[in-house]
>>> print(open('coords_28.txt').read())   # compact mmCIF, N, CA and C atoms
# COMPACT_ATOMS: atom_id res chain seq x y z
N MET A 4 60.90 122.47 115.42
CA MET A 4 61.45 122.73 114.10
C MET A 4 62.95 122.98 114.18
N LYS A 5 63.37 123.73 115.20
CA LYS A 5 64.79 124.03 115.35
C LYS A 5 65.59 122.76 115.58
N LYS A 6 65.07 121.82 116.37
CA LYS A 6 65.76 120.56 116.64
C LYS A 6 65.91 119.73 115.38
N VAL A 7 64.90 119.74 114.54
CA VAL A 7 64.96 118.99 113.28
C VAL A 7 66.02 119.58 112.37
N PHE A 8 66.09 120.91 112.30
CA PHE A 8 67.07 121.58 111.45
C PHE A 8 68.49 121.28 111.94
N VAL A 9 68.72 121.36 113.24
CA VAL A 9 70.04 121.10 113.81
C VAL A 9 70.44 119.64 113.55
N ALA A 10 69.51 118.73 113.73
CA ALA A 10 69.79 117.31 113.48
C ALA A 10 70.11 117.08 112.00
N PHE A 11 69.36 117.72 111.12
CA PHE A 11 69.57 117.59 109.68
C PHE A 11 70.93 118.16 109.28
N LEU A 12 71.27 119.34 109.81
CA LEU A 12 72.55 119.98 109.51
C LEU A 12 73.70 119.12 110.03
N THR A 13 73.57 118.56 111.22
CA THR A 13 74.59 117.69 111.79
C THR A 13 74.79 116.45 110.91
N LEU A 14 73.71 115.88 110.46
CA LEU A 14 73.79 114.71 109.58
C LEU A 14 74.52 115.04 108.29
N GLN A 15 74.25 116.21 107.72
CA GLN A 15 74.92 116.62 106.49
C GLN A 15 76.42 116.79 106.71
N VAL A 16 76.80 117.40 107.82
CA VAL A 16 78.22 117.61 108.12
C VAL A 16 78.92 116.25 108.27
N VAL A 17 78.30 115.34 108.99
CA VAL A 17 78.88 114.01 109.17
C VAL A 17 79.01 113.30 107.83
N LEU A 18 78.01 113.41 106.98
CA LEU A 18 78.04 112.78 105.66
C LEU A 18 79.18 113.34 104.81
N VAL A 19 79.34 114.65 104.80
CA VAL A 19 80.41 115.29 104.02
C VAL A 19 81.77 114.86 104.54
N LEU A 20 81.95 114.86 105.85
CA LEU A 20 83.24 114.45 106.43
C LEU A 20 83.54 112.99 106.13
N THR A 21 82.53 112.16 106.12
CA THR A 21 82.71 110.74 105.80
C THR A 21 83.16 110.57 104.35
N ILE A 22 82.55 111.32 103.47
CA ILE A 22 82.92 111.25 102.04
C ILE A 22 84.35 111.73 101.84
N ILE A 23 84.71 112.82 102.49
CA ILE A 23 86.07 113.36 102.35
C ILE A 23 87.10 112.37 102.89
N ALA A 24 86.80 111.77 104.03
CA ALA A 24 87.73 110.82 104.64
C ALA A 24 87.89 109.56 103.79
N ALA A 25 86.86 109.20 103.06
CA ALA A 25 86.90 107.97 102.26
C ALA A 25 87.68 108.15 100.96
N GLU A 26 87.86 109.37 100.49
CA GLU A 26 88.59 109.61 99.25
C GLU A 26 90.08 109.48 99.49
N PRO A 27 90.80 108.88 98.54
CA PRO A 27 92.24 108.76 98.71
C PRO A 27 92.89 110.13 98.71
N ALA A 28 93.99 110.26 99.45
CA ALA A 28 94.69 111.54 99.58
C ALA A 28 95.26 112.01 98.26
N GLY A 29 95.77 111.12 97.46
CA GLY A 29 96.34 111.47 96.17
C GLY A 29 95.93 110.45 95.13
N LYS A 30 96.24 110.73 93.91
CA LYS A 30 95.86 109.82 92.83
C LYS A 30 96.78 108.61 92.79
N GLY A 31 97.96 108.74 93.34
CA GLY A 31 98.92 107.66 93.24
C GLY A 31 99.70 107.77 91.94
N TYR A 32 100.78 107.04 91.88
CA TYR A 32 101.62 107.09 90.69
C TYR A 32 101.09 106.14 89.63
N ASN A 33 101.03 106.60 88.40
CA ASN A 33 100.50 105.80 87.30
C ASN A 33 101.64 105.00 86.66
N CYS A 34 101.86 103.81 87.18
CA CYS A 34 102.96 102.97 86.69
C CYS A 34 102.72 102.53 85.25
N GLU A 35 101.49 102.23 84.91
CA GLU A 35 101.20 101.78 83.54
C GLU A 35 101.58 102.85 82.52
N LYS A 36 101.31 104.10 82.85
CA LYS A 36 101.67 105.20 81.94
C LYS A 36 103.19 105.32 81.83
N ALA A 37 103.87 105.15 82.97
CA ALA A 37 105.34 105.22 82.95
C ALA A 37 105.92 104.10 82.09
N LYS A 38 105.36 102.90 82.23
CA LYS A 38 105.83 101.77 81.43
C LYS A 38 105.69 102.06 79.94
N SER A 39 104.53 102.58 79.56
CA SER A 39 104.32 102.85 78.13
C SER A 39 105.21 104.01 77.66
N SER A 40 105.53 104.93 78.56
CA SER A 40 106.40 106.05 78.19
C SER A 40 107.81 105.60 77.85
N VAL A 41 108.31 104.59 78.57
CA VAL A 41 109.69 104.15 78.33
C VAL A 41 109.80 102.94 77.40
N THR A 42 108.68 102.41 76.96
CA THR A 42 108.72 101.27 76.02
C THR A 42 109.56 101.58 74.78
N PRO A 43 109.51 102.80 74.22
CA PRO A 43 110.35 103.08 73.04
C PRO A 43 111.86 103.02 73.33
N CYS A 44 112.23 102.89 74.59
CA CYS A 44 113.65 102.85 74.96
C CYS A 44 114.24 101.44 74.93
N ILE A 45 113.43 100.45 74.72
CA ILE A 45 113.89 99.06 74.81
C ILE A 45 115.04 98.78 73.84
N LYS A 46 114.96 99.28 72.63
CA LYS A 46 116.05 99.03 71.67
C LYS A 46 117.38 99.59 72.17
N TYR A 47 117.33 100.77 72.78
CA TYR A 47 118.56 101.34 73.35
C TYR A 47 119.02 100.53 74.56
N LEU A 48 118.09 100.15 75.43
CA LEU A 48 118.43 99.44 76.66
C LEU A 48 118.98 98.04 76.40
N THR A 49 118.69 97.48 75.24
CA THR A 49 119.19 96.15 74.89
C THR A 49 120.30 96.19 73.83
N SER A 50 120.86 97.37 73.63
CA SER A 50 122.00 97.58 72.72
C SER A 50 121.70 97.31 71.25
N LYS A 51 120.44 97.44 70.86
CA LYS A 51 120.11 97.27 69.44
C LYS A 51 120.34 98.55 68.66
N VAL A 52 120.39 99.68 69.37
CA VAL A 52 120.75 100.97 68.77
C VAL A 52 121.74 101.66 69.70
N ASP A 53 122.54 102.56 69.15
CA ASP A 53 123.59 103.20 69.94
C ASP A 53 123.12 104.37 70.80
N THR A 54 122.07 105.04 70.37
CA THR A 54 121.58 106.18 71.13
C THR A 54 120.07 106.08 71.30
N PRO A 55 119.55 106.62 72.40
CA PRO A 55 118.10 106.60 72.59
C PRO A 55 117.41 107.51 71.57
N SER A 56 116.26 107.08 71.10
CA SER A 56 115.51 107.88 70.12
C SER A 56 114.86 109.09 70.79
N ALA A 57 114.41 110.02 69.98
CA ALA A 57 113.70 111.20 70.50
C ALA A 57 112.43 110.78 71.23
N VAL A 58 111.74 109.77 70.70
CA VAL A 58 110.52 109.28 71.33
C VAL A 58 110.84 108.69 72.71
N CYS A 59 111.93 107.97 72.79
CA CYS A 59 112.38 107.41 74.06
C CYS A 59 112.67 108.53 75.06
N CYS A 60 113.42 109.51 74.64
CA CYS A 60 113.77 110.62 75.53
C CYS A 60 112.54 111.41 75.96
N ASN A 61 111.58 111.57 75.05
CA ASN A 61 110.33 112.23 75.45
C ASN A 61 109.63 111.42 76.54
N GLY A 62 109.69 110.10 76.43
CA GLY A 62 109.11 109.24 77.45
C GLY A 62 109.80 109.40 78.79
N VAL A 63 111.13 109.50 78.78
CA VAL A 63 111.89 109.72 80.02
C VAL A 63 111.49 111.06 80.63
N LYS A 64 111.31 112.07 79.79
CA LYS A 64 110.89 113.39 80.28
C LYS A 64 109.48 113.32 80.89
N GLU A 65 108.60 112.53 80.28
CA GLU A 65 107.25 112.35 80.82
C GLU A 65 107.29 111.69 82.18
N VAL A 66 108.14 110.68 82.32
CA VAL A 66 108.27 110.01 83.61
C VAL A 66 108.76 111.00 84.67
N LYS A 67 109.74 111.82 84.30
CA LYS A 67 110.25 112.82 85.25
C LYS A 67 109.15 113.79 85.65
N SER A 68 108.41 114.30 84.70
CA SER A 68 107.38 115.29 85.02
C SER A 68 106.21 114.68 85.79
N SER A 69 106.04 113.37 85.69
CA SER A 69 104.94 112.72 86.41
C SER A 69 105.32 112.38 87.85
N ALA A 70 106.57 112.66 88.23
CA ALA A 70 107.03 112.32 89.57
C ALA A 70 107.75 113.50 90.22
N PRO A 71 107.02 114.58 90.56
CA PRO A 71 107.68 115.75 91.14
C PRO A 71 108.04 115.59 92.62
N THR A 72 107.32 114.75 93.36
CA THR A 72 107.58 114.62 94.79
C THR A 72 108.48 113.43 95.08
N LYS A 73 109.05 113.40 96.26
CA LYS A 73 109.92 112.28 96.65
C LYS A 73 109.15 110.96 96.59
N ASP A 74 107.94 110.93 97.12
CA ASP A 74 107.16 109.70 97.12
C ASP A 74 106.87 109.23 95.69
N GLU A 75 106.58 110.17 94.80
CA GLU A 75 106.31 109.81 93.40
C GLU A 75 107.59 109.35 92.70
N LYS A 76 108.73 109.94 93.04
CA LYS A 76 110.00 109.49 92.47
C LYS A 76 110.30 108.06 92.92
N ILE A 77 110.04 107.78 94.18
CA ILE A 77 110.25 106.42 94.68
C ILE A 77 109.32 105.45 93.96
N ALA A 78 108.06 105.86 93.79
CA ALA A 78 107.10 105.01 93.07
C ALA A 78 107.54 104.79 91.63
N ALA A 79 108.02 105.85 90.97
CA ALA A 79 108.49 105.72 89.59
C ALA A 79 109.70 104.81 89.52
N CYS A 80 110.62 104.97 90.45
CA CYS A 80 111.81 104.13 90.50
C CYS A 80 111.41 102.67 90.68
N GLN A 81 110.51 102.41 91.62
CA GLN A 81 110.07 101.04 91.86
C GLN A 81 109.35 100.46 90.65
N CYS A 82 108.56 101.28 89.99
CA CYS A 82 107.84 100.86 88.80
C CYS A 82 108.84 100.47 87.70
N LEU A 83 109.79 101.35 87.43
CA LEU A 83 110.76 101.07 86.36
C LEU A 83 111.72 99.96 86.75
N LYS A 84 112.00 99.84 88.04
CA LYS A 84 112.81 98.71 88.52
C LYS A 84 112.12 97.40 88.19
N GLU A 85 110.82 97.35 88.42
CA GLU A 85 110.04 96.15 88.12
C GLU A 85 110.02 95.89 86.62
N VAL A 86 109.92 96.95 85.83
CA VAL A 86 109.91 96.81 84.37
C VAL A 86 111.24 96.22 83.88
N THR A 87 112.34 96.69 84.43
CA THR A 87 113.65 96.23 83.96
C THR A 87 113.87 94.75 84.19
N THR A 88 113.19 94.18 85.17
CA THR A 88 113.36 92.74 85.43
C THR A 88 112.73 91.89 84.34
N HIS A 89 111.89 92.49 83.51
CA HIS A 89 111.19 91.75 82.45
C HIS A 89 111.75 92.01 81.05
N ILE A 90 112.86 92.72 80.98
CA ILE A 90 113.46 93.01 79.67
C ILE A 90 114.67 92.09 79.49
N PRO A 91 114.54 91.10 78.60
CA PRO A 91 115.69 90.22 78.37
C PRO A 91 116.84 91.00 77.74
N ASN A 92 118.05 90.67 78.14
CA ASN A 92 119.27 91.28 77.60
C ASN A 92 119.40 92.76 77.92
N LEU A 93 118.75 93.21 78.97
CA LEU A 93 118.88 94.61 79.40
C LEU A 93 120.32 94.87 79.83
N LYS A 94 120.86 95.95 79.34
CA LYS A 94 122.20 96.38 79.74
C LYS A 94 122.05 97.37 80.89
N GLU A 95 122.44 96.94 82.09
CA GLU A 95 122.27 97.75 83.30
C GLU A 95 122.92 99.13 83.16
N ASP A 96 124.11 99.18 82.55
CA ASP A 96 124.80 100.46 82.40
C ASP A 96 124.01 101.42 81.50
N ARG A 97 123.34 100.89 80.50
CA ARG A 97 122.53 101.74 79.63
C ARG A 97 121.29 102.24 80.36
N ALA A 98 120.71 101.38 81.19
CA ALA A 98 119.52 101.77 81.95
C ALA A 98 119.85 102.90 82.92
N THR A 99 120.96 102.79 83.62
CA THR A 99 121.32 103.84 84.57
C THR A 99 121.73 105.13 83.86
N ALA A 100 122.28 105.02 82.65
CA ALA A 100 122.72 106.19 81.90
C ALA A 100 121.60 106.84 81.08
N LEU A 101 120.47 106.16 80.93
CA LEU A 101 119.41 106.65 80.04
C LEU A 101 118.97 108.08 80.34
N PRO A 102 118.63 108.43 81.58
CA PRO A 102 118.20 109.83 81.80
C PRO A 102 119.27 110.84 81.35
N LYS A 103 120.53 110.57 81.68
CA LYS A 103 121.60 111.48 81.28
C LYS A 103 121.74 111.54 79.76
N GLN A 104 121.63 110.39 79.09
CA GLN A 104 121.70 110.35 77.63
C GLN A 104 120.60 111.20 77.00
N CYS A 105 119.48 111.30 77.71
CA CYS A 105 118.35 112.10 77.20
C CYS A 105 118.39 113.54 77.72
N GLY A 106 119.42 113.89 78.50
CA GLY A 106 119.52 115.24 79.03
C GLY A 106 118.50 115.53 80.12
N VAL A 107 118.15 114.50 80.89
CA VAL A 107 117.12 114.64 81.91
C VAL A 107 117.70 114.24 83.26
N ASP A 108 117.46 115.07 84.27
CA ASP A 108 117.79 114.68 85.64
C ASP A 108 116.50 114.17 86.26
N ALA A 109 116.28 112.87 86.20
CA ALA A 109 115.03 112.28 86.67
C ALA A 109 114.93 112.27 88.19
N GLY A 110 116.06 112.44 88.87
CA GLY A 110 116.06 112.38 90.32
C GLY A 110 116.26 110.97 90.85
N PHE A 111 116.40 110.02 89.95
CA PHE A 111 116.68 108.64 90.30
C PHE A 111 117.22 107.93 89.07
N LEU A 112 117.85 106.80 89.29
CA LEU A 112 118.39 106.01 88.19
C LEU A 112 117.42 104.88 87.85
N ILE A 113 117.38 104.52 86.59
CA ILE A 113 116.62 103.35 86.19
C ILE A 113 117.54 102.16 86.40
N THR A 114 117.23 101.35 87.37
CA THR A 114 118.12 100.28 87.77
C THR A 114 117.35 99.14 88.41
N LYS A 115 117.97 97.99 88.48
CA LYS A 115 117.37 96.85 89.16
C LYS A 115 117.64 96.90 90.66
N LYS A 116 118.38 97.93 91.09
CA LYS A 116 118.77 98.03 92.50
C LYS A 116 117.72 98.78 93.33
N ASN A 117 118.06 99.05 94.56
CA ASN A 117 117.19 99.64 95.56
C ASN A 117 116.81 101.09 95.23
N CYS A 118 115.56 101.45 95.47
CA CYS A 118 115.07 102.80 95.22
C CYS A 118 114.99 103.65 96.48
N SER A 119 115.42 103.12 97.61
CA SER A 119 115.24 103.83 98.88
C SER A 119 116.19 105.00 99.07
N SER A 120 117.22 105.12 98.25
CA SER A 120 118.19 106.21 98.43
C SER A 120 117.79 107.50 97.75
N ILE A 121 116.58 107.58 97.24
CA ILE A 121 116.12 108.78 96.54
C ILE A 121 115.91 109.91 97.55
N ALA A 122 116.46 111.06 97.20
CA ALA A 122 116.34 112.22 98.12
C ALA A 122 115.16 113.09 97.77
>>> encode(input="coords_28.txt", output="structure tokens")
Amino acid sequence: MKKVFVAFLTLQVVLVLTIIAAEPAGKGYNCEKAKSSVTPCIKYLTSKVDTPSAVCCNGVKEVKSSAPTKDEKIAACQCLKEVTTHIPNLKEDRATALPKQCGVDAGFLITKKNCSSIA
């Protein structure tokens, strides 16, 4: 009986460790949510309006709060970098100035350039 119990307990421990090891370490960065957060900024980014709207700035704040770690900031930067390549008539200077225009220090610039310099 004791051998059966030890074998059963060992099997349970192995099963639990296997399940834990199979789960991803983190949820990952939600690029789709970031994209939808900054969609209201397109009019500002393409010079159709002079200042970013409150909805746009709230989206920039959401992106910042969704990326507290360096890895998440890099992921957010890469996500928004990819987004900017699909916006016709995007004004690069407006994209890089957007966080500041909204009073947000995002920890990175929205740009078509490299995201590897994020600290």
>>> closest_residue(input="coords_28.txt", among="A:Ile113, A:Gly106, A:Leu101, A:Leu93", to="Leu48 of chain A", atoms="all atoms listed in the file")
A:Leu93
>>> residues_around(input="coords_28.txt", residues="Ala57 of chain A", least_positions_apart="3", cutoff="10 Å", atoms="only C-alpha atoms", output="ChimeraX atom specification")
/A:43-44,54,60-63,105
>>> atom_distance(input="coords_28.txt", atom1="atom N of Glu95 of chain A", atom2="atom N of Gly31 of chain A")
29.4 Å
>>> residues_around(input="coords_28.txt", residues="Ile121 of chain A", least_positions_apart="2", cutoff="7 Å", atoms="all atoms listed in the file", output="list in words")
Lys73, Lys76, Ile77, Gly110, Phe111, Asn117, Cys118 and Ser119 of chain A
>>> atom_distance(input="coords_28.txt", atom1="atom CA of Pro55 of chain A", atom2="atom CA of Gln104 of chain A")
7.2 Å
>>> atom_distance(input="coords_28.txt", atom1="atom CA of Ser39 of chain A", atom2="atom C of Lys64 of chain A")
12.0 Å
